>>> print(open('structure.pdb').read())   # PDB, C-alpha atoms
ATOM      1  CA  VAL A 291     145.242 105.037  73.178
ATOM      2  CA  ASN A 292     148.530 103.937  71.614
ATOM      3  CA  LEU A 293     149.253 101.472  74.445
ATOM      4  CA  THR A 294     145.656 100.244  74.352
ATOM      5  CA  SER A 295     145.728  99.673  70.593
ATOM      6  CA  LYS A 296     149.000  97.718  70.857
ATOM      7  CA  LEU A 297     147.375  95.478  73.445
ATOM      8  CA  ILE A 298     144.651  94.520  70.967
ATOM      9  CA  THR A 299     147.162  92.447  68.971
ATOM     10  CA  LYS A 300     148.267  90.626  72.122
ATOM     11  CA  ILE A 301     144.639  89.850  72.936
ATOM     12  CA  ILE A 302     144.049  88.315  69.514
ATOM     13  CA  PHE A 303     147.285  86.317  69.697
ATOM     14  CA  PRO A 304     147.888  85.714  73.425
ATOM     15  CA  ALA A 305     151.159  83.869  73.986
ATOM     16  CA  GLU A 306     150.869  83.814  77.763
ATOM     17  CA  HIS A 307     148.414  81.635  79.717
ATOM     18  CA  HIS A 308     147.737  84.208  82.440
ATOM     19  CA  LEU A 309     146.787  86.784  79.790
ATOM     20  CA  LEU A 310     144.481  84.287  78.091
ATOM     21  CA  LYS A 311     142.682  83.603  81.402
ATOM     22  CA  ARG A 312     142.356  87.318  82.055
ATOM     23  CA  ILE A 313     140.986  87.908  78.550
ATOM     24  CA  SER A 314     138.251  85.295  79.003
ATOM     25  CA  PHE A 315     137.146  87.094  82.168
ATOM     26  CA  ILE A 316     137.052  90.658  80.828
ATOM     27  CA  PRO A 317     133.817  90.509  78.757
ATOM     28  CA  LYS A 318     131.908  89.291  81.842
ATOM     29  CA  GLN A 319     133.442  91.868  84.150
ATOM     30  CA  LEU A 320     131.244  94.561  85.697
ATOM     31  CA  PRO A 321     132.041  98.200  84.753
ATOM     32  CA  LEU A 322     134.889  99.596  86.805
ATOM     33  CA  ARG A 323     135.290 103.120  88.110
ATOM     34  CA  PHE A 324     138.901 103.021  86.935
ATOM     35  CA  PRO A 325     138.998 100.526  84.045
ATOM     36  CA  SER A 326     142.187  98.614  83.351
ATOM     37  CA  THR A 327     144.171  98.932  80.129
ATOM     38  CA  LEU A 328     142.858  95.513  79.117
ATOM     39  CA  SER A 329     139.264  96.696  79.608
ATOM     40  CA  LEU A 330     139.993  99.822  77.566
ATOM     41  CA  ALA A 331     141.437  97.639  74.795
ATOM     42  CA  PHE A 332     138.172  95.709  74.585
ATOM     43  CA  LYS A 333     136.204  98.948  74.508
ATOM     44  CA  LEU A 334     138.396 100.435  71.758
ATOM     45  CA  ALA A 335     138.207  97.232  69.716
ATOM     46  CA  LYS A 336     134.413  97.239  69.960
ATOM     47  CA  GLU A 337     134.300 100.833  68.744
ATOM     48  CA  MET A 338     136.569  99.889  65.823
ATOM     49  CA  ASP A 339     134.494  96.779  65.026
ATOM     50  CA  ILE A 340     137.440  94.452  65.701
ATOM     51  CA  ASP A 341     136.668  90.864  66.693
ATOM     52  CA  LEU A 342     138.765  90.117  69.773
ATOM     53  CA  LYS A 343     138.229  86.389  69.807
ATOM     54  CA  PRO A 344     141.678  85.036  70.790
ATOM     55  CA  GLN A 345     143.453  82.911  68.194
ATOM     56  CA  LYS A 346     145.227  79.728  69.190
ATOM     57  CA  ILE A 347     148.993  80.117  69.147
ATOM     58  CA  TYR A 348     150.792  77.518  67.002
ATOM     59  CA  PHE A 349     153.899  75.996  68.525
ATOM     60  CA  PRO A 350     156.278  74.464  65.947
ATOM     61  CA  SER A 351     156.765  70.715  66.134
ATOM     62  CA  GLU A 352     160.191  70.884  64.480
ATOM     63  CA  PRO A 353     163.203  73.080  65.320
ATOM     64  CA  PRO A 354     163.656  75.674  62.543
ATOM     65  CA  TRP A 355     167.305  74.782  61.953
ATOM     66  CA  LYS A 356     166.164  71.456  60.458
ATOM     67  CA  LEU A 357     164.845  73.331  57.421
ATOM     68  CA  LYS A 358     167.020  72.325  54.469
ATOM     69  CA  SER A 359     168.443  75.011  52.201
ATOM     70  CA  SER A 360     167.990  72.614  49.268
ATOM     71  CA  GLY A 361     164.254  73.250  49.561
ATOM     72  CA  PHE A 362     164.689  76.814  48.259
ATOM     73  CA  ILE A 363     165.571  77.954  44.766
ATOM     74  CA  ARG A 364     167.021  81.457  45.074
ATOM     75  CA  ASP A 365     168.173  82.076  41.500
ATOM     76  CA  LEU A 366     165.489  84.660  40.685
ATOM     77  CA  MET A 367     165.637  86.275  44.101
ATOM     78  CA  ASN A 368     169.374  86.831  43.745
ATOM     79  CA  LEU A 369     168.848  89.104  40.733
ATOM     80  CA  GLN A 370     168.488  92.856  41.190
ATOM     81  CA  LYS A 371     164.909  93.594  40.147
ATOM     82  CA  GLU A 372     165.605  97.241  39.324
ATOM     83  CA  SER A 373     168.223  96.356  36.729
ATOM     84  CA  THR A 374     166.895  93.002  35.485
ATOM     85  CA  PRO A 375     164.606  92.995  32.426
ATOM     86  CA  ASN A 376     161.487  90.838  32.490
ATOM     87  CA  TYR A 377     162.726  88.516  29.761
ATOM     88  CA  THR A 378     165.717  87.567  31.934
ATOM     89  CA  TYR A 379     163.374  86.521  34.719
ATOM     90  CA  THR A 380     161.017  84.614  32.406
ATOM     91  CA  SER A 381     163.903  82.897  30.626
ATOM     92  CA  LEU A 382     165.518  81.792  33.895
ATOM     93  CA  PHE A 383     162.164  80.700  35.276
ATOM     94  CA  SER A 384     161.516  78.572  32.193
ATOM     95  CA  GLU A 385     164.958  77.006  32.454
ATOM     96  CA  ILE A 386     164.455  76.076  36.120
ATOM     97  CA  SER A 387     160.826  74.961  35.849
ATOM     98  CA  ASP A 388     161.336  72.980  32.638
ATOM     99  CA  GLY A 389     164.251  71.154  34.241
ATOM    100  CA  LEU A 390     162.065  70.111  37.178
ATOM    101  CA  ILE A 391     159.040  69.290  35.009
ATOM    102  CA  ASN A 392     161.263  66.937  33.015
ATOM    103  CA  LYS A 393     161.912  65.174  36.326
ATOM    104  CA  ASN A 394     158.148  64.882  36.961
ATOM    105  CA  TRP A 395     157.811  67.843  39.291
ATOM    106  CA  LYS A 396     154.597  69.881  39.140
ATOM    107  CA  ILE A 397     154.226  73.617  39.719
ATOM    108  CA  LEU A 398     151.817  75.387  42.086
ATOM    109  CA  TYR A 399     151.255  79.141  42.224
ATOM    110  CA  PRO A 400     149.914  80.405  45.580
ATOM    111  CA  ASP A 401     148.923  84.068  45.596
ATOM    112  CA  GLY A 402     147.287  86.577  47.923
ATOM    113  CA  SER A 403     145.417  89.761  47.184
ATOM    114  CA  LYS A 404     144.096  92.681  49.177
ATOM    115  CA  THR A 405     141.773  95.566  48.377
ATOM    116  CA  GLU A 406     140.221  98.193  50.587
ATOM    117  CA  ASN A 407     137.285  95.943  51.428
ATOM    118  CA  SER A 408     138.537  92.383  51.018
ATOM    119  CA  THR A 409     141.465  90.026  51.449
ATOM    120  CA  ALA A 410     141.690  86.696  49.643
ATOM    121  CA  PHE A 411     144.073  84.007  48.451
ATOM    122  CA  ALA A 412     144.195  81.391  45.722
ATOM    123  CA  VAL A 413     146.310  78.490  44.525
ATOM    124  CA  ILE A 414     146.737  77.859  40.803
ATOM    125  CA  ASN A 415     147.693  74.309  39.832
ATOM    126  CA  GLU A 416     149.954  72.955  37.109
ATOM    127  CA  SER A 417     147.070  73.074  34.631
ATOM    128  CA  LEU A 418     146.758  76.821  35.321
ATOM    129  CA  LYS A 419     143.328  76.309  36.921
ATOM    130  CA  VAL A 420     142.213  77.695  40.280
ATOM    131  CA  ASP A 421     142.597  74.842  42.731
ATOM    132  CA  ILE A 422     141.952  76.699  46.000
ATOM    133  CA  LEU A 423     140.131  79.997  46.461
ATOM    134  CA  ALA A 424     139.104  81.546  49.779
ATOM    135  CA  THR A 425     138.575  84.861  51.510
ATOM    136  CA  LEU A 426     140.051  86.076  54.782
ATOM    137  CA  ASP A 427     138.972  88.749  57.217
ATOM    138  CA  HIS A 428     139.142  91.992  55.261
ATOM    139  CA  ARG A 429     141.499  93.416  57.888
ATOM    140  CA  ALA A 430     144.103  90.711  57.235
ATOM    141  CA  SER A 431     147.380  91.936  55.740
ATOM    142  CA  ILE A 432     148.726  91.050  52.319
ATOM    143  CA  PHE A 433     151.506  89.131  54.104
ATOM    144  CA  THR A 434     148.855  87.016  55.842
ATOM    145  CA  ALA A 435     147.119  86.386  52.524
ATOM    146  CA  GLU A 436     150.341  85.381  50.758
ATOM    147  CA  SER A 437     151.589  83.118  53.562
ATOM    148  CA  THR A 438     148.141  81.539  53.960
ATOM    149  CA  ALA A 439     148.142  80.754  50.253
ATOM    150  CA  ILE A 440     151.517  79.010  50.537
ATOM    151  CA  PHE A 441     150.355  77.076  53.591
ATOM    152  CA  ASN A 442     147.152  75.895  51.916
ATOM    153  CA  ALA A 443     149.075  74.784  48.837
ATOM    154  CA  ILE A 444     151.559  72.599  50.678
ATOM    155  CA  ASN A 445     149.048  71.441  53.283
ATOM    156  CA  LYS A 446     146.814  70.025  50.540
ATOM    157  CA  TYR A 447     149.511  68.630  48.300
ATOM    158  CA  LYS A 448     151.549  67.018  51.064
ATOM    159  CA  ASN A 449     149.045  64.146  50.853
ATOM    160  CA  ILE A 450     148.998  64.008  47.054
ATOM    161  CA  ARG A 451     151.461  61.880  45.155
ATOM    162  CA  GLY A 452     154.218  63.773  43.407
ATOM    163  CA  LYS A 453     156.774  66.528  43.929
ATOM    164  CA  PHE A 454     155.868  70.194  43.777
ATOM    165  CA  LEU A 455     157.608  73.479  43.067
ATOM    166  CA  ILE A 456     155.848  76.284  44.944
ATOM    167  CA  CYS A 457     156.200  79.592  43.097
ATOM    168  CA  SER A 458     155.251  82.623  45.182
ATOM    169  CA  ASP A 459     155.608  86.290  44.294
ATOM    170  CA  SER A 460     155.761  87.262  47.983
ATOM    171  CA  LYS A 461     159.374  87.959  48.808
ATOM    172  CA  SER A 462     158.491  88.748  52.430
ATOM    173  CA  ALA A 463     156.773  85.383  52.908
ATOM    174  CA  THR A 464     159.474  83.327  51.209
ATOM    175  CA  MET A 465     162.200  85.138  53.136
ATOM    176  CA  GLY A 466     160.211  84.832  56.356
ATOM    177  CA  ILE A 467     160.149  81.050  55.984
ATOM    178  CA  GLN A 468     163.906  80.967  55.514
ATOM    179  CA  ASN A 469     164.743  83.561  58.179
ATOM    180  CA  ILE A 470     162.915  81.863  61.079
ATOM    181  CA  LYS A 471     160.221  84.530  61.282
ATOM    182  CA  LYS A 472     158.021  84.102  64.365
ATOM    183  CA  ASN A 473     154.553  83.761  62.885
ATOM    184  CA  SER A 474     152.024  80.934  63.312
ATOM    185  CA  THR A 475     151.338  80.453  59.599
ATOM    186  CA  ILE A 476     155.027  80.648  58.709
ATOM    187  CA  SER A 477     155.796  78.113  61.457
ATOM    188  CA  LYS A 478     153.176  75.725  60.020
ATOM    189  CA  ILE A 479     154.733  76.082  56.571
ATOM    190  CA  ARG A 480     158.184  75.449  57.954
ATOM    191  CA  ASP A 481     157.046  72.311  59.799
ATOM    192  CA  ILE A 482     155.578  70.841  56.601
ATOM    193  CA  LEU A 483     158.673  71.714  54.558
ATOM    194  CA  ILE A 484     160.876  70.036  57.161
ATOM    195  CA  LYS A 485     158.757  66.889  57.292
ATOM    196  CA  PHE A 486     158.296  66.670  53.517
ATOM    197  CA  HIS A 487     161.687  68.034  52.498
ATOM    198  CA  THR A 488     161.963  65.802  49.407
ATOM    199  CA  LYS A 489     158.462  66.685  48.186
ATOM    200  CA  PHE A 490     158.529  70.491  47.982
ATOM    201  CA  LYS A 491     160.764  73.260  46.733
ATOM    202  CA  LEU A 492     159.940  76.950  47.171
ATOM    203  CA  MET A 493     160.931  79.646  44.700
ATOM    204  CA  TRP A 494     160.241  83.379  44.635
ATOM    205  CA  ILE A 495     159.085  84.801  41.312
ATOM    206  CA  PRO A 496     158.466  88.463  40.453
ATOM    207  CA  SER A 497     154.804  89.324  39.946
ATOM    208  CA  HIS A 498     153.086  90.162  36.672
ATOM    209  CA  ILE A 499     155.998  89.779  34.283
ATOM    210  CA  GLY A 500     154.486  87.163  31.992
ATOM    211  CA  ILE A 501     154.823  83.947  34.010
ATOM    212  CA  LEU A 502     151.573  82.153  33.116
ATOM    213  CA  GLY A 503     150.628  80.964  36.601
ATOM    214  CA  ASN A 504     151.118  84.435  38.040
ATOM    215  CA  THR A 505     149.021  86.895  36.075
TER
END
>>> encode(input="structure.pdb", output="structure tokens")
Amino acid sequence: VNLTSKLITKIIFPAEHHLLKRISFIPKQLPLRFPSTLSLAFKLAKEMDIDLKPQKIYFPSEPPWKLKSSGFIRDLMNLQKESTPNYTYTSLFSEISDGLINKNWKILYPDGSKTENSTAFAVINESLKVDILATLDHRASIFTAESTAIFNAINKYKNIRGKFLICSDSKSATMGIQNIKKNSTISKIRDILIKFHTKFKLMWIPSHIGILGNT
């Protein structure tokens, strides 16, 4: 069962063409006396109510080393959260954001959320109004929600005039973008940041400490 369950992920995100061809054949295949592991994976997924429709793999258009370090503001991330009071974070955030706002930058706050029965994401704009709001499959992880929020923010605003500071409270997503994490959504984010390197900056902020766009 363990091997079969691990195969489910590979079915949803097949990176190999021969596996993708085999997957498309399985649902039409007649019952076998000795079913293959792939067949068992489909059976287990059906019992668990998991949709095994394969997702298209995204191949980056830009090499990850072209990502510029100047696109990341690490000042808040460099502080030790356990020993840093909230007012230090909010004061430093205000100093950084006010400096950019004075240079006509605008701030966007992408955020993801997950409960037992739902997964969603939103993007709050510079006017502190919800600009994007959508739900994901309830089985999606909080990492998927957070990274999808960042992607939707920059994907929309890449075609809008101006420069934008993206403030995310997901340390795993912001670090994943910088650390060449192999993930389709992260790769899409990285490609946009490389192409529009003068338009966006990304900064991690701690959650729920009094920063208005992240409540």
>>> closest_residue(input="structure.pdb", among="A:Phe433, A:His487, A:Lys356, A:Gly452", to="Gly466 in chain A", atoms="only C-alpha atoms")
A:Phe433
>>> residues_near_point(input="structure.pdb", point="(152.9, 87.7, 51.9)", cutoff="6 Å", atoms="all atoms listed in the file", output="MDAnalysis selection string")
chainID A and resid 432:437 460 462:463
>>> resolve_selection(input="structure.pdb", expression="the PyMOL selection byres ((chain A and resi 440) around 10)", output="ChimeraX atom specification")
/A:398-402,411-413,434-439,441-445,456-458,460,463-464,475-476,479,492
>>> resolve_selection(input="structure.pdb", expression="the PyMOL selection byres ((chain A and resi 366) around 7)", output="list of chain:residue names")
A:Arg364, A:Asp365, A:Met367, A:Asn368, A:Leu369, A:Tyr379, A:Trp494, A:Ile495
>>> resolve_selection(input="structure.pdb", expression="the PyMOL selection byres ((chain A and resi 360) around 12)", output="ChimeraX atom specification")
/A:356-359,361-364,468,483-484,487-493
>>> closest_residue(input="structure.pdb", among="A:Pro354, A:Phe349, A:Asn415, A:Phe454", to="Arg480 in chain A", atoms="only C-alpha atoms")
A:Pro354
>>> atom_distance(input="structure.pdb", atom1="CA of Glu416 in chain A", atom2="CA of Ser387 in chain A")
11.1 Å
>>> atom_distance(input="structure.pdb", atom1="CA of Pro350 in chain A", atom2="CA of Lys485 in chain A")
11.8 Å
>>> closest_residue(input="structure.pdb", among="A:Thr374, A:Lys453, A:Ser403, A:His428", to="Leu390 in chain A", atoms="all atoms listed in the file")
A:Lys453
>>> closest_residue(input="structure.pdb", among="A:Leu426, A:Ser373, A:Trp395, A:Pro496", to="Lys461 in chain A", atoms="all atoms listed in the file")
A:Pro496
>>> atom_distance(input="structure.pdb", atom1="CA of Asp459 in chain A", atom2="CA of Ile414 in chain A")
12.7 Å
>>> closest_residue(input="structure.pdb", among="A:Lys472, A:Lys446, A:His498, A:Lys396", to="Asp421 in chain A", atoms="all atoms listed in the file")
A:Lys446
